[in-house]
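Reproduced below: target16.cif, with mmCIF, C-alpha atoms and all ligand atoms; chains and numbers go by the auth columns.
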data_model
loop_
_atom_site.group_PDB
_atom_site.id
_atom_site.type_symbol
_atom_site.label_atom_id
_atom_site.label_comp_id
_atom_site.label_asym_id
_atom_site.label_seq_id
_atom_site.Cartn_x
_atom_site.Cartn_y
_atom_site.Cartn_z
_atom_site.B_iso_or_equiv
_atom_site.auth_seq_id
_atom_site.auth_asym_id
ATOM 1 C CA MET A 1 23.383 17.416 -16.182 0.00 10 A
ATOM 2 C CA ASN A 2 20.341 18.108 -14.082 0.00 11 A
ATOM 3 C CA ASP A 3 17.552 15.494 -14.058 0.00 12 A
ATOM 4 C CA GLU A 4 14.907 17.964 -13.046 0.00 13 A
ATOM 5 C CA SER A 5 15.545 20.224 -16.007 0.00 14 A
ATOM 6 C CA CYS A 6 15.650 17.209 -18.340 0.00 15 A
ATOM 7 C CA ALA A 7 12.173 16.160 -17.200 0.00 16 A
ATOM 8 C CA ASP A 8 11.076 19.713 -17.853 0.00 17 A
ATOM 9 C CA PHE A 9 12.658 19.685 -21.305 0.00 18 A
ATOM 10 C CA LEU A 10 10.950 16.436 -22.241 0.00 19 A
ATOM 11 C CA ASP A 11 7.571 18.221 -22.165 0.00 20 A
ATOM 12 C CA ARG A 12 8.974 21.086 -24.150 0.00 21 A
ATOM 13 C CA ILE A 13 10.467 18.703 -26.726 0.00 22 A
ATOM 14 C CA VAL A 14 6.933 17.452 -27.373 0.00 23 A
ATOM 15 C CA TYR A 15 5.653 21.027 -27.633 0.00 24 A
ATOM 16 C CA LEU A 16 8.543 21.889 -29.934 0.00 25 A
ATOM 17 C CA LEU A 17 7.550 19.094 -32.307 0.00 26 A
ATOM 18 C CA ASP A 18 3.960 20.327 -32.172 0.00 27 A
ATOM 19 C CA ASN A 19 5.156 23.861 -32.989 0.00 28 A
ATOM 20 C CA GLU A 20 3.655 25.203 -29.789 0.00 29 A
ATOM 21 C CA LEU A 21 6.687 27.080 -28.473 0.00 30 A
ATOM 22 C CA ASP A 22 7.641 30.684 -29.034 0.00 31 A
ATOM 23 C CA ALA A 23 10.999 31.605 -30.558 0.00 32 A
ATOM 24 C CA GLY A 24 12.739 32.107 -27.207 0.00 33 A
ATOM 25 C CA GLU A 25 11.651 28.719 -25.894 0.00 34 A
ATOM 26 C CA ILE A 26 12.657 27.005 -29.135 0.00 35 A
ATOM 27 C CA ARG A 27 16.136 28.458 -28.745 0.00 36 A
ATOM 28 C CA GLU A 28 16.355 27.258 -25.144 0.00 37 A
ATOM 29 C CA VAL A 29 15.243 23.739 -26.009 0.00 38 A
ATOM 30 C CA LYS A 30 17.638 23.537 -28.973 0.00 39 A
ATOM 31 C CA LEU A 31 20.513 24.753 -26.808 0.00 40 A
ATOM 32 C CA HIS A 32 19.722 22.017 -24.311 0.00 41 A
ATOM 33 C CA LEU A 33 19.519 19.391 -27.081 0.00 42 A
ATOM 34 C CA ASP A 34 22.975 20.446 -28.237 0.00 43 A
ATOM 35 C CA GLU A 35 24.393 19.737 -24.796 0.00 44 A
ATOM 36 C CA CYS A 36 22.313 16.800 -23.640 0.00 45 A
ATOM 37 C CA ALA A 37 22.581 13.519 -25.557 0.00 46 A
ATOM 38 C CA PRO A 38 19.718 11.725 -23.713 0.00 47 A
ATOM 39 C CA CYS A 39 17.313 14.564 -24.509 0.00 48 A
ATOM 40 C CA LEU A 40 18.483 14.641 -28.119 0.00 49 A
ATOM 41 C CA GLU A 41 17.763 10.930 -28.312 0.00 50 A
ATOM 42 C CA ARG A 42 14.288 11.476 -26.872 0.00 51 A
ATOM 43 C CA TYR A 43 13.750 14.247 -29.384 0.00 52 A
ATOM 44 C CA ASP A 44 14.716 11.886 -32.226 0.00 53 A
ATOM 45 C CA VAL A 45 12.345 9.201 -30.924 0.00 54 A
ATOM 46 C CA GLN A 46 9.475 11.676 -30.570 0.00 55 A
ATOM 47 C CA ARG A 47 10.131 13.004 -34.047 0.00 56 A
ATOM 48 C CA THR A 48 10.163 9.450 -35.451 0.00 57 A
ATOM 49 C CA ILE A 49 6.846 8.688 -33.766 0.00 58 A
ATOM 50 C CA LYS A 50 5.348 11.891 -35.143 0.00 59 A
ATOM 51 C CA THR A 51 6.539 10.985 -38.640 0.00 60 A
ATOM 52 C CA ILE A 52 4.999 7.519 -38.356 0.00 61 A
ATOM 53 C CA VAL A 53 1.734 8.937 -37.037 0.00 62 A
ATOM 54 C CA ALA A 54 1.639 11.622 -39.739 0.00 63 A
ATOM 55 C CA ARG A 55 2.289 9.059 -42.444 0.00 64 A
ATOM 56 C CA SER A 56 -0.509 6.833 -41.235 0.00 65 A
ATOM 57 C CA CYS A 57 -2.993 9.543 -40.360 0.00 66 A
ATOM 58 C CA HIS A 58 -5.738 7.979 -42.476 0.00 67 A
ATOM 59 C CA GLU A 59 -5.035 4.458 -41.346 0.00 68 A
ATOM 60 C CA ALA A 60 -4.024 3.134 -37.947 0.00 69 A
ATOM 61 C CA ALA A 61 -0.305 2.441 -37.490 0.00 70 A
ATOM 62 C CA PRO A 62 0.298 -1.279 -37.857 0.00 71 A
ATOM 63 C CA ASP A 63 0.382 -2.928 -34.462 0.00 72 A
ATOM 64 C CA ASP A 64 3.822 -4.462 -34.876 0.00 73 A
ATOM 65 C CA LEU A 65 5.270 -1.108 -35.883 0.00 74 A
ATOM 66 C CA ARG A 66 3.703 0.571 -32.878 0.00 75 A
ATOM 67 C CA GLN A 67 5.034 -2.193 -30.632 0.00 76 A
ATOM 68 C CA ARG A 68 8.547 -1.695 -32.004 0.00 77 A
ATOM 69 C CA VAL A 69 8.396 2.026 -31.293 0.00 78 A
ATOM 70 C CA ILE A 70 7.225 1.370 -27.728 0.00 79 A
ATOM 71 C CA VAL A 71 10.017 -1.164 -27.162 0.00 80 A
ATOM 72 C CA GLN A 72 12.552 1.316 -28.520 0.00 81 A
ATOM 73 C CA LEU A 73 11.257 4.031 -26.229 0.00 82 A
ATOM 74 C CA ARG A 74 11.550 1.736 -23.206 0.00 83 A
ATOM 75 C CA GLN A 75 15.110 0.775 -24.120 0.00 84 A
ATOM 76 C CA ILE A 76 16.113 4.403 -24.366 0.00 85 A
ATOM 77 C CA SER A 77 14.499 5.180 -21.004 0.00 86 A
ATOM 78 C CA VAL A 78 16.421 2.281 -19.441 0.00 87 A
ATOM 79 C CA GLN A 79 19.670 3.546 -20.953 0.00 88 A
ATOM 80 C CA ILE A 80 18.989 7.012 -19.638 0.00 89 A
ATOM 81 C CA SER A 81 18.176 5.880 -16.090 0.00 90 A
ATOM 82 C CA ASP A 82 21.235 3.565 -16.042 0.00 91 A
ATOM 83 C CA SER A 83 23.668 6.325 -16.968 0.00 92 A
HETATM 84 ZN ZN ZN B . 18.505 16.871 -20.942 0.00 101 B
#
Just dump the structure as structure tokens.
Amino acid sequence: MNDESCADFLDRIVYLLDNELDAGEIREVKLHLDECAPCLERYDVQRTIKTIVARSCHEAAPDDLRQRVIVQLRQISVQISDS
């Protein structure tokens, strides 16, 4: 696993969720997600955040919910940098 490419993929994961990638890039990112558990986990977290944001698009996300998501994100980052 190559940290530099994972940092690169993190941006593309966000773009993927925003549907801003072309078909070739989508395939590349999905291939990487298949092989890279930390990136897959980040993808799941990003997707969860997007779902929460989409659900509450007419009202602000409750503060405690937002805090929990942030805490979860930090924990995952710690796990990734420890491994
Ligand atoms: Zn990765």
Legend entry - Output check: residues returned by the PyMOL selection byres (((chain A and resi 38-44) around 9) and not hetatm), as a ChimeraX atom specification: /A:10,15,18,21-22,25,33-37,45-50,52
Since we have the selection now, will you write its residues out, keeping C-alpha atoms, as a PDB file, in the frame of the given file?
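Result written to again_36.pdb:
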ATOM      1  CA  MET A  10      23.383  17.416 -16.182  1.00  0.00           C
ATOM      2  CA  CYS A  15      15.650  17.209 -18.340  1.00  0.00           C
ATOM      3  CA  PHE A  18      12.658  19.685 -21.305  1.00  0.00           C
ATOM      4  CA  ARG A  21       8.974  21.086 -24.150  1.00  0.00           C
ATOM      5  CA  ILE A  22      10.467  18.703 -26.726  1.00  0.00           C
ATOM      6  CA  LEU A  25       8.543  21.889 -29.934  1.00  0.00           C
ATOM      7  CA  GLY A  33      12.739  32.107 -27.207  1.00  0.00           C
ATOM      8  CA  GLU A  34      11.651  28.719 -25.894  1.00  0.00           C
ATOM      9  CA  ILE A  35      12.657  27.005 -29.135  1.00  0.00           C
ATOM     10  CA  ARG A  36      16.136  28.458 -28.745  1.00  0.00           C
ATOM     11  CA  GLU A  37      16.355  27.258 -25.144  1.00  0.00           C
ATOM     12  CA  CYS A  45      22.313  16.800 -23.640  1.00  0.00           C
ATOM     13  CA  ALA A  46      22.581  13.519 -25.557  1.00  0.00           C
ATOM     14  CA  PRO A  47      19.718  11.725 -23.713  1.00  0.00           C
ATOM     15  CA  CYS A  48      17.313  14.564 -24.509  1.00  0.00           C
ATOM     16  CA  LEU A  49      18.483  14.641 -28.119  1.00  0.00           C
ATOM     17  CA  GLU A  50      17.763  10.930 -28.312  1.00  0.00           C
ATOM     18  CA  TYR A  52      13.750  14.247 -29.384  1.00  0.00           C
TER      19      TYR A  52
END
Inset, instruction - Tell me which residues the PyMOL selection byres (((chain A and resi 55) around 10) and not hetatm) grabs here, as a VMD selection string. - result: chain A and resid 19 22 to 23 26 49 to 54 56 to 61 78 82
Inset, instruction - Could you please determine the separation between CA of Tyr24 in chain A and atom ZN of ligand ZN 101 (chain B) in Å, to one decimal place? - result: 15.1 Å
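Interatomic distance, atom ZN of ligand ZN 101 (chain B) against CA of Gln88 in chain A: 13.4 Å.
Each of A:Asp20, A:Arg77, A:Gln84, A:Leu30 was compared to ligand ZN 101 (chain B) using all atoms listed in the file, and A:Asp20 turns out to be the nearest.
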Output as a compact mmCIF listing (two decimals), in the frame of the given file: range 30-42 of chain A, completed with N, CA, C and O atoms.
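Result file follows (result.txt):
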# COMPACT_ATOMS: atom_id res chain seq x y z
N LEU A 30 5.79 26.24 -29.27
CA LEU A 30 6.69 27.08 -28.47
C LEU A 30 6.95 28.40 -29.19
O LEU A 30 6.90 28.48 -30.41
N ASP A 31 7.23 29.44 -28.39
CA ASP A 31 7.64 30.68 -29.03
C ASP A 31 9.15 30.64 -29.32
O ASP A 31 9.86 29.73 -28.89
N ALA A 32 9.62 31.64 -30.06
CA ALA A 32 11.00 31.60 -30.56
C ALA A 32 12.03 31.46 -29.43
O ALA A 32 13.01 30.73 -29.56
N GLY A 33 11.80 32.17 -28.32
CA GLY A 33 12.74 32.11 -27.21
C GLY A 33 12.84 30.72 -26.61
O GLY A 33 13.92 30.23 -26.31
N GLU A 34 11.67 30.07 -26.46
CA GLU A 34 11.65 28.72 -25.89
C GLU A 34 12.30 27.72 -26.84
O GLU A 34 13.01 26.81 -26.42
N ILE A 35 12.04 27.89 -28.14
CA ILE A 35 12.66 27.00 -29.14
C ILE A 35 14.17 27.08 -29.01
O ILE A 35 14.86 26.06 -29.02
N ARG A 36 14.69 28.29 -28.86
CA ARG A 36 16.14 28.46 -28.74
C ARG A 36 16.66 27.75 -27.50
O ARG A 36 17.69 27.10 -27.54
N GLU A 37 15.95 27.91 -26.39
CA GLU A 37 16.36 27.26 -25.14
C GLU A 37 16.39 25.74 -25.27
O GLU A 37 17.34 25.09 -24.84
N VAL A 38 15.33 25.19 -25.87
CA VAL A 38 15.24 23.74 -26.01
C VAL A 38 16.36 23.25 -26.93
O VAL A 38 17.05 22.27 -26.64
N LYS A 39 16.60 23.97 -28.03
CA LYS A 39 17.64 23.54 -28.97
C LYS A 39 19.02 23.62 -28.35
O LYS A 39 19.87 22.76 -28.59
N LEU A 40 19.24 24.64 -27.52
CA LEU A 40 20.51 24.75 -26.81
C LEU A 40 20.71 23.54 -25.90
O LEU A 40 21.79 22.96 -25.83
N HIS A 41 19.63 23.17 -25.20
CA HIS A 41 19.72 22.02 -24.31
C HIS A 41 19.99 20.74 -25.11
O HIS A 41 20.80 19.91 -24.71
N LEU A 42 19.32 20.58 -26.25
CA LEU A 42 19.52 19.39 -27.08
C LEU A 42 20.97 19.29 -27.56
O LEU A 42 21.51 18.20 -27.71
